[in-house]
$ cat input_27.txt   # compact mmCIF, C-alpha atoms and all ligand atoms
# COMPACT_ATOMS: atom_id res chain seq x y z
CA MET K 195 -139.81 99.86 75.49
CA THR K 196 -138.86 97.09 73.07
CA GLN K 197 -135.85 94.95 73.83
CA LEU K 198 -132.66 96.10 72.14
CA HIS K 199 -131.53 93.93 69.25
CA LEU K 200 -127.92 94.43 68.13
CA TRP K 201 -126.63 92.83 64.94
CA LEU K 202 -122.86 92.49 64.61
CA ARG K 203 -122.03 92.48 60.92
CA HIS K 204 -119.22 90.88 58.96
CA GLU K 205 -116.71 93.48 57.69
CA SER K 206 -116.63 93.59 53.91
CA ARG K 207 -113.00 94.76 53.76
CA SER K 208 -110.95 91.56 53.51
CA THR K 209 -107.99 92.87 55.56
CA GLU K 210 -110.22 93.95 58.43
CA ARG K 211 -109.95 91.40 61.23
CA ARG K 212 -111.13 93.71 64.02
CA THR K 213 -114.56 93.76 65.57
CA PRO K 214 -116.30 96.37 67.74
CA ILE K 215 -117.73 93.68 70.07
CA VAL K 216 -115.52 90.86 71.36
CA PRO K 217 -117.04 87.59 72.67
CA ALA K 218 -116.48 88.42 76.37
CA ASP K 219 -118.42 91.67 75.95
CA ALA K 220 -121.03 89.92 73.81
CA ALA K 221 -121.70 87.69 76.84
CA ARG K 222 -122.22 90.80 79.00
CA LEU K 223 -124.73 92.21 76.51
CA VAL K 224 -126.67 88.95 76.40
CA GLU K 225 -126.64 88.66 80.22
CA ASN K 226 -128.19 92.11 80.30
CA GLY K 227 -131.15 91.06 78.18
CA ILE K 228 -129.91 92.40 74.84
CA THR K 229 -130.41 90.21 71.78
CA LEU K 230 -127.18 89.94 69.86
CA THR K 231 -127.10 88.43 66.40
CA VAL K 232 -123.62 87.82 65.04
CA GLU K 233 -122.84 87.31 61.37
CA GLU K 234 -120.35 84.60 60.52
CA SER K 235 -117.08 86.15 59.40
CA PRO K 236 -114.11 84.04 58.33
CA GLN K 237 -111.58 86.82 58.86
CA ARG K 238 -112.77 88.12 62.25
CA ILE K 239 -110.01 87.56 64.82
CA PHE K 240 -112.50 85.91 67.21
CA PRO K 241 -114.12 82.67 65.99
CA THR K 242 -117.90 82.66 65.63
CA GLU K 243 -118.12 79.72 68.09
CA GLU K 244 -117.00 82.05 70.89
CA TYR K 245 -120.00 84.29 70.21
CA GLU K 246 -122.29 81.28 70.07
CA ALA K 247 -120.96 80.14 73.45
CA ALA K 248 -121.69 83.66 74.75
CA GLY K 249 -125.38 83.21 73.90
CA CYS K 250 -125.48 85.07 70.59
CA ARG K 251 -127.57 84.05 67.59
CA VAL K 252 -125.43 83.27 64.58
CA THR K 253 -126.36 84.14 61.02
CA ALA K 254 -124.78 84.32 57.57
CA ALA K 255 -122.17 86.93 56.62
CA GLY K 256 -123.71 90.02 55.04
CA SER K 257 -127.31 89.15 55.97
CA TRP K 258 -127.97 92.36 57.92
CA GLY K 259 -130.28 93.61 55.15
CA THR K 260 -132.79 91.00 56.33
CA ALA K 261 -132.58 92.03 60.01
CA PRO K 262 -135.79 93.26 61.69
CA ARG K 263 -136.10 96.99 61.10
CA ASP K 264 -135.61 97.84 64.77
CA ALA K 265 -132.31 95.94 64.96
CA VAL K 266 -129.24 98.16 65.27
CA ILE K 267 -126.47 97.05 62.92
CA VAL K 268 -122.99 97.32 64.43
CA GLY K 269 -119.72 97.32 62.47
CA LEU K 270 -116.50 99.28 62.04
CA LYS K 271 -115.71 100.12 58.46
CA GLU K 272 -117.59 100.88 55.26
CA LEU K 273 -120.85 99.22 54.23
CA PRO K 274 -120.99 97.36 50.92
CA ASP K 275 -122.44 99.39 47.99
CA GLU K 276 -125.73 97.48 48.13
CA PRO K 277 -128.53 97.83 49.11
CA ALA K 278 -129.25 101.29 47.74
CA GLU K 279 -131.66 102.03 50.61
CA LEU K 280 -130.52 101.73 54.20
CA THR K 281 -133.47 101.08 56.48
CA HIS K 282 -131.69 100.40 59.80
CA ARG K 283 -129.75 102.36 62.35
CA HIS K 284 -126.06 101.63 61.72
CA ILE K 285 -123.33 102.08 64.30
CA TYR K 286 -119.88 102.34 62.60
CA PHE K 287 -117.27 104.77 61.31
CA GLY K 288 -119.13 106.34 58.39
CA HIS K 289 -116.56 109.01 57.41
CA ALA K 290 -119.46 110.90 55.88
CA TYR K 291 -119.57 114.30 57.56
CA LYS K 292 -116.48 116.05 56.21
CA GLY K 293 -117.16 115.87 52.49
CA GLN K 294 -115.15 112.65 52.09
CA PRO K 295 -115.42 110.81 48.75
CA GLY K 296 -118.74 108.95 48.62
CA ALA K 297 -120.09 110.75 51.70
CA GLU K 298 -123.06 112.33 50.01
CA ALA K 299 -124.06 109.13 48.23
CA LEU K 300 -124.01 107.30 51.57
CA LEU K 301 -126.17 109.93 53.28
CA HIS K 302 -128.62 109.65 50.38
CA ARG K 303 -128.85 105.90 50.96
CA PHE K 304 -129.84 106.51 54.58
CA VAL K 305 -132.45 109.05 53.61
CA ALA K 306 -133.85 106.77 50.89
CA GLY K 307 -134.34 103.92 53.37
CA GLY K 308 -135.28 105.99 56.43
CA GLY K 309 -132.33 104.59 58.39
CA ALA K 310 -129.75 106.50 60.42
CA LEU K 311 -125.99 106.62 60.87
CA LEU K 312 -124.78 106.61 64.47
CA ASP K 313 -121.17 107.42 63.69
CA LEU K 314 -118.68 106.10 66.25
CA GLU K 315 -116.39 109.05 65.63
CA TYR K 316 -119.12 111.28 67.10
CA LEU K 317 -119.95 109.12 70.12
CA VAL K 318 -118.81 111.61 72.73
CA ASP K 319 -119.36 112.44 76.39
CA ASP K 320 -120.85 115.69 77.71
CA GLU K 321 -117.53 117.45 77.14
CA GLY K 322 -117.13 116.23 73.59
CA ARG K 323 -114.51 113.58 74.40
CA ARG K 324 -114.58 110.44 72.27
CA LEU K 325 -115.96 107.45 74.17
CA ALA K 326 -114.54 104.67 71.99
CA ALA K 327 -111.45 105.08 69.82
CA PHE K 328 -108.56 103.09 68.36
CA GLY K 329 -105.99 105.86 68.83
CA TYR K 330 -103.84 104.15 71.44
CA TRP K 331 -103.05 101.17 69.21
CA ALA K 332 -102.60 103.37 66.15
CA GLY K 333 -99.87 105.25 68.00
CA TYR K 334 -98.35 102.06 69.37
CA ILE K 335 -98.06 100.42 65.96
CA GLY K 336 -97.10 103.63 64.15
CA ALA K 337 -94.15 104.05 66.50
CA ALA K 338 -93.25 100.35 66.48
CA LEU K 339 -93.07 100.24 62.67
CA ALA K 340 -90.94 103.38 62.63
CA VAL K 341 -88.44 101.87 65.10
CA LEU K 342 -88.24 98.55 63.26
CA HIS K 343 -87.72 100.30 59.93
CA HIS K 344 -85.15 102.67 61.41
CA ARG K 345 -83.25 99.67 62.77
CA GLY K 346 -83.46 97.91 59.41
CA VAL K 347 -85.56 94.95 60.61
CA LEU K 348 -89.06 95.75 59.36
CA ASP K 349 -90.57 92.76 57.53
CA THR K 350 -92.76 93.71 54.58
CA PRO K 351 -95.45 93.39 53.43
CA LEU K 352 -97.02 93.98 56.81
CA ARG K 353 -99.55 91.49 58.13
CA PRO K 354 -101.76 91.43 61.22
CA THR K 355 -99.76 90.31 64.23
CA ALA K 356 -100.00 89.98 68.01
CA LYS K 357 -98.66 92.42 70.57
CA GLN K 358 -96.32 89.84 72.09
CA GLU K 359 -94.64 89.28 68.73
CA LEU K 360 -94.22 92.99 68.12
CA GLU K 361 -92.90 93.57 71.65
CA GLU K 362 -90.33 90.84 71.15
CA GLN K 363 -89.09 92.49 67.94
CA LEU K 364 -88.93 95.88 69.63
CA ARG K 365 -86.94 94.50 72.56
CA THR K 366 -84.49 92.41 70.57
CA SER K 367 -83.71 94.92 67.82
CA GLY K 368 -81.11 97.14 69.40
CA GLY K 369 -79.76 100.58 68.66
CA GLU K 370 -79.82 104.04 70.14
CA VAL K 371 -82.38 106.29 68.47
CA SER K 372 -83.28 109.86 69.31
CA ALA K 373 -87.03 110.04 68.90
CA LEU K 374 -89.74 112.69 69.11
CA VAL K 375 -93.46 112.17 69.66
CA VAL K 376 -95.66 115.15 68.77
CA GLY K 377 -99.17 115.04 70.24
CA ALA K 378 -97.64 113.02 73.07
CA LEU K 379 -100.45 113.64 75.57
CA GLY K 380 -103.21 112.15 73.40
CA ARG K 381 -104.36 108.54 72.99
CA SER K 382 -102.07 107.79 70.02
CA GLY K 383 -99.24 109.71 71.64
CA ARG K 384 -99.51 107.52 74.74
CA GLY K 385 -99.42 104.38 72.60
CA ALA K 386 -96.39 105.69 70.71
CA ARG K 387 -94.55 106.42 73.97
CA VAL K 388 -95.26 102.91 75.26
CA ALA K 389 -93.99 101.27 72.04
CA LEU K 390 -90.84 103.38 72.09
CA GLY K 391 -90.37 102.45 75.74
CA GLU K 392 -90.55 98.74 74.80
CA ALA K 393 -87.77 99.46 72.31
CA GLY K 394 -85.64 101.03 75.04
CA ILE K 395 -86.11 104.54 73.66
CA ALA K 396 -87.01 107.51 75.86
CA PRO K 397 -88.54 109.98 73.39
CA THR K 398 -88.80 113.73 73.55
CA CYS K 399 -92.50 114.45 74.10
CA TRP K 400 -94.19 117.51 72.63
CA ASP K 401 -97.81 118.53 72.83
CA LEU K 402 -99.61 121.88 72.45
CA ALA K 403 -97.35 123.80 74.82
CA GLU K 404 -94.13 122.71 73.10
CA THR K 405 -95.25 123.47 69.53
CA ARG K 406 -96.70 126.90 70.21
CA ALA K 407 -93.35 128.40 69.20
CA LEU K 408 -92.06 125.52 67.12
CA ASP K 409 -88.32 124.86 67.39
CA ARG K 410 -87.70 123.37 63.92
CA ARG K 411 -84.01 122.92 64.55
CA ALA K 412 -84.76 120.77 67.60
CA LEU K 413 -87.34 118.80 65.60
CA LEU K 414 -84.89 118.13 62.77
CA ASP K 415 -82.24 117.03 65.26
CA HIS K 416 -84.26 113.93 66.15
CA GLU K 417 -83.63 110.83 64.05
CA LEU K 418 -87.18 109.52 64.30
CA MET K 419 -90.47 111.36 64.64
CA VAL K 420 -93.97 110.08 65.31
CA ASN K 421 -96.79 112.53 64.62
CA THR K 422 -99.99 111.84 66.56
CA VAL K 423 -101.50 115.33 66.61
CA LEU K 424 -105.23 115.80 66.32
CA THR K 425 -106.01 119.45 65.73
CA THR K 426 -109.36 120.98 64.96
CA ARG K 427 -107.94 124.28 63.75
CA PRO K 428 -105.26 124.87 61.11
CA VAL K 429 -101.76 125.37 62.61
CA PRO K 430 -98.48 126.21 60.83
CA PRO K 431 -96.92 123.03 59.38
CA PHE K 432 -94.37 121.19 61.51
CA LEU K 433 -92.32 120.34 58.41
CA THR K 434 -92.10 121.86 54.94
CA ASP K 435 -90.25 120.78 51.78
CA LYS K 436 -87.54 123.29 52.69
CA ASP K 437 -86.91 121.47 55.98
CA LEU K 438 -86.58 118.18 54.14
CA ASP K 439 -83.90 119.72 51.92
CA ASP K 440 -81.90 120.95 54.92
CA PRO K 441 -78.48 119.25 54.60
CA ASP K 442 -78.06 119.26 58.40
CA ARG K 443 -81.31 117.38 59.01
CA ARG K 444 -80.78 114.37 61.27
CA LEU K 445 -84.39 113.21 60.85
CA ARG K 446 -84.41 109.90 58.94
CA THR K 447 -87.72 108.21 59.76
CA LEU K 448 -91.10 109.87 60.01
CA SER K 449 -94.23 108.00 61.03
CA ASP K 450 -97.36 110.08 60.49
CA VAL K 451 -100.08 108.37 62.52
CA THR K 452 -102.44 111.30 61.95
CA VAL K 453 -102.41 110.96 58.12
CA ASP K 454 -104.41 114.11 57.46
CA VAL K 455 -103.42 114.17 53.78
CA GLY K 456 -105.35 116.81 51.85
CA SER K 457 -106.96 118.31 54.94
CA PRO K 458 -106.53 122.01 55.86
CA MET K 459 -105.52 120.70 59.33
CA ASN K 460 -102.56 118.74 57.94
CA VAL K 461 -99.45 119.57 59.98
CA LEU K 462 -97.21 117.56 57.62
CA PRO K 463 -97.99 118.85 54.09
CA ILE K 464 -94.86 117.20 52.70
CA TYR K 465 -96.47 114.23 50.98
CA ASP K 466 -99.78 113.58 49.26
CA THR K 467 -100.21 109.81 49.18
CA THR K 468 -100.47 107.44 52.12
CA THR K 469 -98.44 104.24 52.34
CA ASP K 470 -99.96 100.80 52.95
CA TRP K 471 -99.31 97.29 54.24
CA GLU K 472 -97.81 96.19 50.94
CA HIS K 473 -95.41 99.15 50.76
CA PRO K 474 -95.36 100.69 54.24
CA VAL K 475 -92.33 102.92 53.69
CA ARG K 476 -91.72 105.58 51.05
CA ARG K 477 -88.45 107.48 50.61
CA LEU K 478 -89.15 111.21 50.53
CA ARG K 479 -85.55 112.39 50.18
CA GLU K 480 -82.30 110.67 49.22
CA ARG K 481 -79.66 113.01 50.64
CA PRO K 482 -79.82 112.82 53.53
CA PRO K 483 -82.39 110.00 53.44
CA LEU K 484 -85.85 110.50 54.88
CA ASP K 485 -88.38 107.68 54.96
CA LEU K 486 -92.11 108.08 55.54
CA ILE K 487 -94.64 105.69 57.05
CA ALA K 488 -98.21 106.97 56.64
CA ILE K 489 -100.66 104.09 57.00
CA ASP K 490 -104.32 104.88 57.65
CA ASN K 491 -105.39 101.51 59.07
CA LEU K 492 -102.73 100.88 61.69
CA PRO K 493 -104.90 99.34 64.45
CA SER K 494 -106.00 96.57 62.05
CA LEU K 495 -102.44 95.25 62.35
CA LEU K 496 -103.10 94.31 65.99
CA PRO K 497 -106.70 93.11 65.62
CA ARG K 498 -107.07 91.26 68.91
CA GLU K 499 -105.69 93.95 71.20
CA ALA K 500 -107.33 96.80 69.30
CA SER K 501 -110.73 95.05 69.30
CA THR K 502 -110.58 94.13 72.97
CA ASP K 503 -109.72 97.66 73.98
CA PHE K 504 -112.34 99.27 71.73
CA SER K 505 -115.07 96.81 72.70
CA GLY K 506 -114.36 97.47 76.38
CA SER K 507 -115.02 101.18 75.82
CA LEU K 508 -118.09 100.60 73.67
CA LEU K 509 -119.72 98.07 76.01
CA PRO K 510 -121.02 100.55 78.63
CA GLN K 511 -122.44 102.68 75.83
CA LEU K 512 -124.23 99.72 74.26
CA LEU K 513 -125.60 98.67 77.66
CA ASP K 514 -126.99 102.19 77.93
CA PHE K 515 -128.22 102.49 74.34
CA GLY K 516 -131.00 105.05 73.98
CA VAL K 517 -132.20 108.21 72.33
CA THR K 518 -130.58 110.64 74.76
CA GLY K 519 -126.98 111.16 75.96
CA PRO K 520 -124.14 110.07 73.64
CA TRP K 521 -126.42 108.20 71.20
CA GLY K 522 -128.82 111.14 71.09
CA ARG K 523 -125.88 113.36 70.18
CA CYS K 524 -124.82 110.89 67.47
CA LEU K 525 -128.27 110.99 65.93
CA ALA K 526 -128.41 114.78 66.16
CA ARG K 527 -125.02 114.95 64.38
CA PHE K 528 -126.40 112.74 61.60
CA HIS K 529 -129.35 115.07 61.10
CA GLU K 530 -127.04 118.08 61.18
CA ALA K 531 -124.88 116.44 58.46
CA LEU K 532 -127.98 115.92 56.33
CA ARG K 533 -128.91 119.58 56.73
CA GLU K 534 -125.34 120.72 56.00
CA SER K 535 -125.27 118.78 52.76
CA GLY K 536 -128.74 120.01 51.84
CA ILE K 537 -130.16 116.50 51.78
CA GLY K 538 -132.78 116.78 54.54
CA GLY K 539 -135.15 114.09 55.77
CA GLY K 540 -133.82 110.89 57.36
CA GLU K 541 -135.71 111.08 60.66
CA PHE K 542 -135.39 107.57 62.02
CA ASP K 543 -138.82 106.45 63.05
CA ASP K 544 -138.06 104.67 66.33
CA ASP K 545 -141.32 102.75 66.61
N1 LIG L 601 -103.36 105.94 61.17
C1 LIG L 601 -104.33 105.29 61.76
O1 LIG L 601 -104.59 104.12 61.51
C2 LIG L 601 -105.13 106.00 62.82
C3 LIG L 601 -105.99 105.28 63.65
C4 LIG L 601 -106.67 105.94 64.68
C5 LIG L 601 -106.51 107.32 64.81
N2 LIG L 601 -105.70 107.99 63.94
C6 LIG L 601 -105.50 109.45 64.01
O2 LIG L 601 -104.56 109.76 64.99
C7 LIG L 601 -104.75 111.12 65.38
C8 LIG L 601 -104.65 111.25 66.89
O3 LIG L 601 -105.76 110.61 67.49
P1 LIG L 601 -105.91 110.53 69.07
O4 LIG L 601 -107.04 109.63 69.35
O5 LIG L 601 -104.59 110.26 69.69
O6 LIG L 601 -106.32 112.05 69.41
P2 LIG L 601 -106.23 112.76 70.81
O7 LIG L 601 -107.20 113.88 70.74
O8 LIG L 601 -106.34 111.76 71.93
O9 LIG L 601 -104.74 113.34 70.87
C9 LIG L 601 -104.29 114.38 70.03
C10 LIG L 601 -103.20 115.15 70.76
O10 LIG L 601 -102.71 116.13 69.85
C11 LIG L 601 -102.42 117.29 70.64
N3 LIG L 601 -102.32 118.47 69.77
C12 LIG L 601 -103.33 119.13 69.13
N4 LIG L 601 -102.82 120.17 68.44
C13 LIG L 601 -101.47 120.16 68.64
C14 LIG L 601 -100.41 120.97 68.20
N5 LIG L 601 -100.62 122.04 67.41
N6 LIG L 601 -99.16 120.66 68.63
C15 LIG L 601 -98.94 119.59 69.42
N7 LIG L 601 -99.90 118.80 69.88
C16 LIG L 601 -101.15 119.07 69.49
C17 LIG L 601 -103.61 117.35 71.61
O11 LIG L 601 -103.32 118.22 72.69
C18 LIG L 601 -103.70 115.89 72.01
O12 LIG L 601 -102.89 115.60 73.12
C19 LIG L 601 -106.11 111.52 64.82
O13 LIG L 601 -105.93 112.34 63.68
C20 LIG L 601 -106.73 110.21 64.43
O14 LIG L 601 -107.64 110.34 63.34
C21 LIG L 601 -104.99 107.36 62.97
$ encode --input "input_27.txt" --output "C-alpha cells"
Amino acid sequence: MTQLHLWLRHESRSTERRTPIVPADAARLVENGITLTVEESPQRIFPTEEYEAAGCRVTAAGSWGTAPRDAVIVGLKELPDEPAELTHRHIYFGHAYKGQPGAEALLHRFVAGGGALLDLEYLVDDEGRRLAAFGYWAGYIGAALAVLHHRGVLDTPLRPTAKQELEEQLRTSGGEVSALVVGALGRSGRGARVALGEAGIAPTCWDLAETRALDRRALLDHELMVNTVLTTRPVPPFLTDKDLDDPDRRLRTLSDVTVDVGSPMNVLPIYDTTTDWEHPVRRLRERPPLDLIAIDNLPSLLPREASTDFSGSLLPQLLDFGVTGPWGRCLARFHEALRESGIGGGEFDDD
C-alpha cells in the first residue's frame, strides 16, 4: 500500500479562520508516517510555522491542483470555481447531496476529473452517528449571542473571538432570563446549555420527548429560545406567524442554530432569510418585539476552539484512512449521490 499523503488546503472564504487539522494533530499524523502538505494561509487561526515545526511540508495557498493525484485534499468549506475538473479525492463539507444550489455542477466537476468527494457530513460510525462535527460550538455561540443581545450588550458586526473573551462577557452581563433550549440532548444543545450556564441561566431543556405534544403556551412563556433540533423527518412547526402575533407572547429573542430555511424539515418556518456577522439580529415583530439570530457559520466565530475540537475527532479517522469503514461509507454515499442525480461515473481509481 502506498503511503498516505494528505494535503491541507487554504480556505478560499476570507472569513473562514478554522482548519480541520490543527498543528498538534498534524504532528501526530506525521509521527505515524503520513505525509502532510500544508498550504500557507494568512487567515488560518494557526500560523503556518506551527505546521512546519510539526514536520509538515509547506506550499503555496491554493496549489492543491498541482498535488500528486493520490494525495487526499483536506479542507472545510467550498472549493474555488476552478479547476473545472477535480482529479483528487477531497475531504470537506461539500453540501452537494440535497439538491443545494451548485450541487450538480460540483458533482459534474468530480466526474469530469475522476476525483471523489468524501463529504465530512457523511463520515459516520456503524450506527450512522457523525464522527466529526462542529455542532457543540455552534450551539455554544448561538446561545451566547442570544444572551448578549437579550441583555443589550451584543457588539456588532460580529468578529471571530476567543472563548475566554465570550465567557467573560457572558459572566459580567447580568440579568435574569427565562430560556428554552430545544434539541437540548444533541451536540449543539449541549453547547447551548453550557453557554447559558456561563451566563448564570438555567434553561428549560426540551428534546424529542418534550415536543411530541408541543406546549406552545409554555414555549411562548420563555423570553429566549435556542433551537438546535436536527430532524430527519418533517415535524409540525414549533412556531408559526400566528404565534408571533400573540399579544401575550413573552418570547423576545430567538436564536435558530439549526437554520433549516427552505427545507421541508424546518421547524421554524417564520422567516426566510438568514442573518450574518454584519447584521446578526433581525426584528421579526415590533409589538411585542421579537428578534431573530439565524447565522449559518457560527463555529467560525470561535475558530481556535472549534478547530481544536473538530481536529481531535477527525484525527483517529485520518490515522485509519482507508477504503472500508467510515471512509468506505463516504465514498459509497458519493457514488449514490451521483446515481441519484443521474450523473453516473466518478469511480475513483485508487491506484
Ligand atoms: N448555524 C451553524 O453555524 C451550525 C453549525 C453546525 C451545525 N448546525 C446545525 O445544528 C443542528 C443541530 O446539530 P447537532 O450536531 O446538534 O445535531 P444532533 O443530532 O447532535 O442533535 C439534534 C437534537 O435534536 C433532537 N431532536 C430531533 N427532532 C426533535 C424534535 N422534533 N423535537 C425536539 N428535539 C428534537 C435530537 O433528539 C437531538 O438531540 C443541525 O441542523 C446542524 O446542521 C448549525
$ closest_residue --input "input_27.txt" --among "K:Leu348, K:Val216, K:Leu200, K:Ala407" --to "Arg283 (chain K)" --atoms "all atoms listed in the file"
K:Leu200
$ atom_distance --input "input_27.txt" --atom1 "CA of Glu530 (chain K)" --atom2 "CA of Ala332 (chain K)"
29.0 Å
$ residues_near_ligand --input "input_27.txt" --ligand "ligand LIG 601 (chain L)" --cutoff "9 Å" --atoms "all atoms listed in the file" --output "VMD selection string"
chain K and resid 323 to 324 327 to 333 335 to 336 376 to 385 400 to 406 408 421 to 432 450 to 454 461 488 to 494
$ atom_distance --input "input_27.txt" --atom1 "CA of His199 (chain K)" --atom2 "CA of Asp514 (chain K)"
12.8 Å
$ closest_residue --input "input_27.txt" --among "K:Leu509, K:Ile215, K:Ala255, K:Leu438" --to "Leu478 (chain K)" --atoms "only C-alpha atoms"
K:Leu438
$ closest_atom_pairs --input "input_27.txt" --of "region 295-354 of chain K" --to "region 522-526 of chain K" --cutoff "6 Å" --atoms "all atoms listed in the file" --output "JSON lines"
{"residue": "K:Leu312", "atom": "CA", "partner": "K:Cys524", "partner_atom": "CA", "distance": 5.2}
{"residue": "K:Tyr316", "atom": "CA", "partner": "K:Cys524", "partner_atom": "CA", "distance": 5.7}
{"residue": "K:Leu317", "atom": "CA", "partner": "K:Cys524", "partner_atom": "CA", "distance": 5.8}
$ closest_residue --input "input_27.txt" --among "K:Ala254, K:Ala248, K:Leu202, K:Ala340" --to "Leu270 (chain K)" --atoms "all atoms listed in the file"
K:Leu202
$ atom_distance --input "input_27.txt" --atom1 "CA of Thr350 (chain K)" --atom2 "CA of Pro214 (chain K)"
27.1 Å
$ closest_residue --input "input_27.txt" --among "K:Leu433, K:Val266, K:Ala337, K:Leu448" --to "Ile464 (chain K)" --atoms "all atoms listed in the file"
K:Leu433
$ residues_around --input "input_27.txt" --residues "Leu445 (chain K)" --least-positions-apart "5" --cutoff "8 Å" --atoms "only C-alpha atoms" --output "list in words"
Leu413, Leu414, Asp415, His416, Glu417, Leu418, Met419 and Leu484 of chain K
$ residues_near_point --input "input_27.txt" --point "(-90.6, 92.4, 73.7)" --cutoff "12 Å" --atoms "only C-alpha atoms" --output "list in words"
Ala338, Ala356, Lys357, Gln358, Glu359, Leu360, Glu361, Glu362, Gln363, Leu364, Arg365, Thr366, Ser367, Gly368, Val388, Ala389, Leu390, Gly391, Glu392, Ala393 and Gly394 of chain K
$ write_last_selection --input "input_27.txt" --atoms "C-alpha atoms" --output "short mmCIF file (atom, residue, chain, number, x, y, z; two decimals), keeping the file's coordinate frame"
data_model
loop_
_atom_site.label_atom_id
_atom_site.label_comp_id
_atom_site.auth_asym_id
_atom_site.auth_seq_id
_atom_site.Cartn_x
_atom_site.Cartn_y
_atom_site.Cartn_z
CA ALA K 338 -93.25 100.35 66.48
CA ALA K 356 -100.00 89.98 68.01
CA LYS K 357 -98.66 92.42 70.57
CA GLN K 358 -96.32 89.84 72.09
CA GLU K 359 -94.64 89.28 68.73
CA LEU K 360 -94.22 92.99 68.12
CA GLU K 361 -92.90 93.57 71.65
CA GLU K 362 -90.33 90.84 71.15
CA GLN K 363 -89.09 92.49 67.94
CA LEU K 364 -88.93 95.88 69.63
CA ARG K 365 -86.94 94.50 72.56
CA THR K 366 -84.49 92.41 70.57
CA SER K 367 -83.71 94.92 67.82
CA GLY K 368 -81.11 97.14 69.40
CA VAL K 388 -95.26 102.91 75.26
CA ALA K 389 -93.99 101.27 72.04
CA LEU K 390 -90.84 103.38 72.09
CA GLY K 391 -90.37 102.45 75.74
CA GLU K 392 -90.55 98.74 74.80
CA ALA K 393 -87.77 99.46 72.31
CA GLY K 394 -85.64 101.03 75.04
#
$ residues_around --input "input_27.txt" --residues "region 223-230 of chain K" --least-positions-apart "6" --cutoff "12 Å" --atoms "all atoms listed in the file" --output "ChimeraX atom specification"
/K:196-203,215-217,245-253,261-262,264-268,505-506,508-515
$ write_last_selection --input "input_27.txt" --atoms "C-alpha atoms" --output "PDB file, in the frame of the given file"
ATOM      1  CA  THR K 196    -138.860  97.090  73.070  1.00  0.00           C
ATOM      2  CA  GLN K 197    -135.850  94.950  73.830  1.00  0.00           C
ATOM      3  CA  LEU K 198    -132.660  96.100  72.140  1.00  0.00           C
ATOM      4  CA  HIS K 199    -131.530  93.930  69.250  1.00  0.00           C
ATOM      5  CA  LEU K 200    -127.920  94.430  68.130  1.00  0.00           C
ATOM      6  CA  TRP K 201    -126.630  92.830  64.940  1.00  0.00           C
ATOM      7  CA  LEU K 202    -122.860  92.490  64.610  1.00  0.00           C
ATOM      8  CA  ARG K 203    -122.030  92.480  60.920  1.00  0.00           C
ATOM      9  CA  ILE K 215    -117.730  93.680  70.070  1.00  0.00           C
ATOM     10  CA  VAL K 216    -115.520  90.860  71.360  1.00  0.00           C
ATOM     11  CA  PRO K 217    -117.040  87.590  72.670  1.00  0.00           C
ATOM     12  CA  TYR K 245    -120.000  84.290  70.210  1.00  0.00           C
ATOM     13  CA  GLU K 246    -122.290  81.280  70.070  1.00  0.00           C
ATOM     14  CA  ALA K 247    -120.960  80.140  73.450  1.00  0.00           C
ATOM     15  CA  ALA K 248    -121.690  83.660  74.750  1.00  0.00           C
ATOM     16  CA  GLY K 249    -125.380  83.210  73.900  1.00  0.00           C
ATOM     17  CA  CYS K 250    -125.480  85.070  70.590  1.00  0.00           C
ATOM     18  CA  ARG K 251    -127.570  84.050  67.590  1.00  0.00           C
ATOM     19  CA  VAL K 252    -125.430  83.270  64.580  1.00  0.00           C
ATOM     20  CA  THR K 253    -126.360  84.140  61.020  1.00  0.00           C
ATOM     21  CA  ALA K 261    -132.580  92.030  60.010  1.00  0.00           C
ATOM     22  CA  PRO K 262    -135.790  93.260  61.690  1.00  0.00           C
ATOM     23  CA  ASP K 264    -135.610  97.840  64.770  1.00  0.00           C
ATOM     24  CA  ALA K 265    -132.310  95.940  64.960  1.00  0.00           C
ATOM     25  CA  VAL K 266    -129.240  98.160  65.270  1.00  0.00           C
ATOM     26  CA  ILE K 267    -126.470  97.050  62.920  1.00  0.00           C
ATOM     27  CA  VAL K 268    -122.990  97.320  64.430  1.00  0.00           C
ATOM     28  CA  SER K 505    -115.070  96.810  72.700  1.00  0.00           C
ATOM     29  CA  GLY K 506    -114.360  97.470  76.380  1.00  0.00           C
ATOM     30  CA  LEU K 508    -118.090 100.600  73.670  1.00  0.00           C
ATOM     31  CA  LEU K 509    -119.720  98.070  76.010  1.00  0.00           C
ATOM     32  CA  PRO K 510    -121.020 100.550  78.630  1.00  0.00           C
ATOM     33  CA  GLN K 511    -122.440 102.680  75.830  1.00  0.00           C
ATOM     34  CA  LEU K 512    -124.230  99.720  74.260  1.00  0.00           C
ATOM     35  CA  LEU K 513    -125.600  98.670  77.660  1.00  0.00           C
ATOM     36  CA  ASP K 514    -126.990 102.190  77.930  1.00  0.00           C
ATOM     37  CA  PHE K 515    -128.220 102.490  74.340  1.00  0.00           C
TER      38      PHE K 515
END
$ residues_around --input "input_27.txt" --residues "Thr281 (chain K)" --least-positions-apart "5" --cutoff "12 Å" --atoms "only C-alpha atoms" --output "PyMOL selection string"
chain K and resi 258-267+276+301-311+540-544
$ closest_residue --input "input_27.txt" --among "K:Glu480, K:Glu370, K:Glu298, K:Asp313" --to "Pro397 (chain K)" --atoms "only C-alpha atoms"
K:Glu370
$ closest_residue --input "input_27.txt" --among "K:Ser206, K:His282, K:Leu325, K:Glu244" --to "Ala221 (chain K)" --atoms "all atoms listed in the file"
K:Glu244
$ build_atoms --input "input_27.txt" --residues "region 222-226 of chain K" --atoms "N, CA and C atoms" --output "PDB file, in the frame of the given file"
ATOM      1  N   ARG K 222    -121.673  89.783  78.081  1.00  0.00           N
ATOM      2  CA  ARG K 222    -122.220  90.800  79.000  1.00  0.00           C
ATOM      3  C   ARG K 222    -123.510  91.403  78.440  1.00  0.00           C
ATOM      4  N   LEU K 223    -123.532  91.641  77.139  1.00  0.00           N
ATOM      5  CA  LEU K 223    -124.730  92.210  76.510  1.00  0.00           C
ATOM      6  C   LEU K 223    -125.895  91.234  76.628  1.00  0.00           C
ATOM      7  N   VAL K 224    -125.614  89.967  76.342  1.00  0.00           N
ATOM      8  CA  VAL K 224    -126.670  88.950  76.400  1.00  0.00           C
ATOM      9  C   VAL K 224    -127.174  88.801  77.844  1.00  0.00           C
ATOM     10  N   GLU K 225    -126.256  88.762  78.794  1.00  0.00           N
ATOM     11  CA  GLU K 225    -126.640  88.660  80.220  1.00  0.00           C
ATOM     12  C   GLU K 225    -127.560  89.805  80.630  1.00  0.00           C
ATOM     13  N   ASN K 226    -127.385  90.938  79.965  1.00  0.00           N
ATOM     14  CA  ASN K 226    -128.190  92.110  80.300  1.00  0.00           C
ATOM     15  C   ASN K 226    -129.468  92.219  79.484  1.00  0.00           C
TER      16      ASN K 226
END
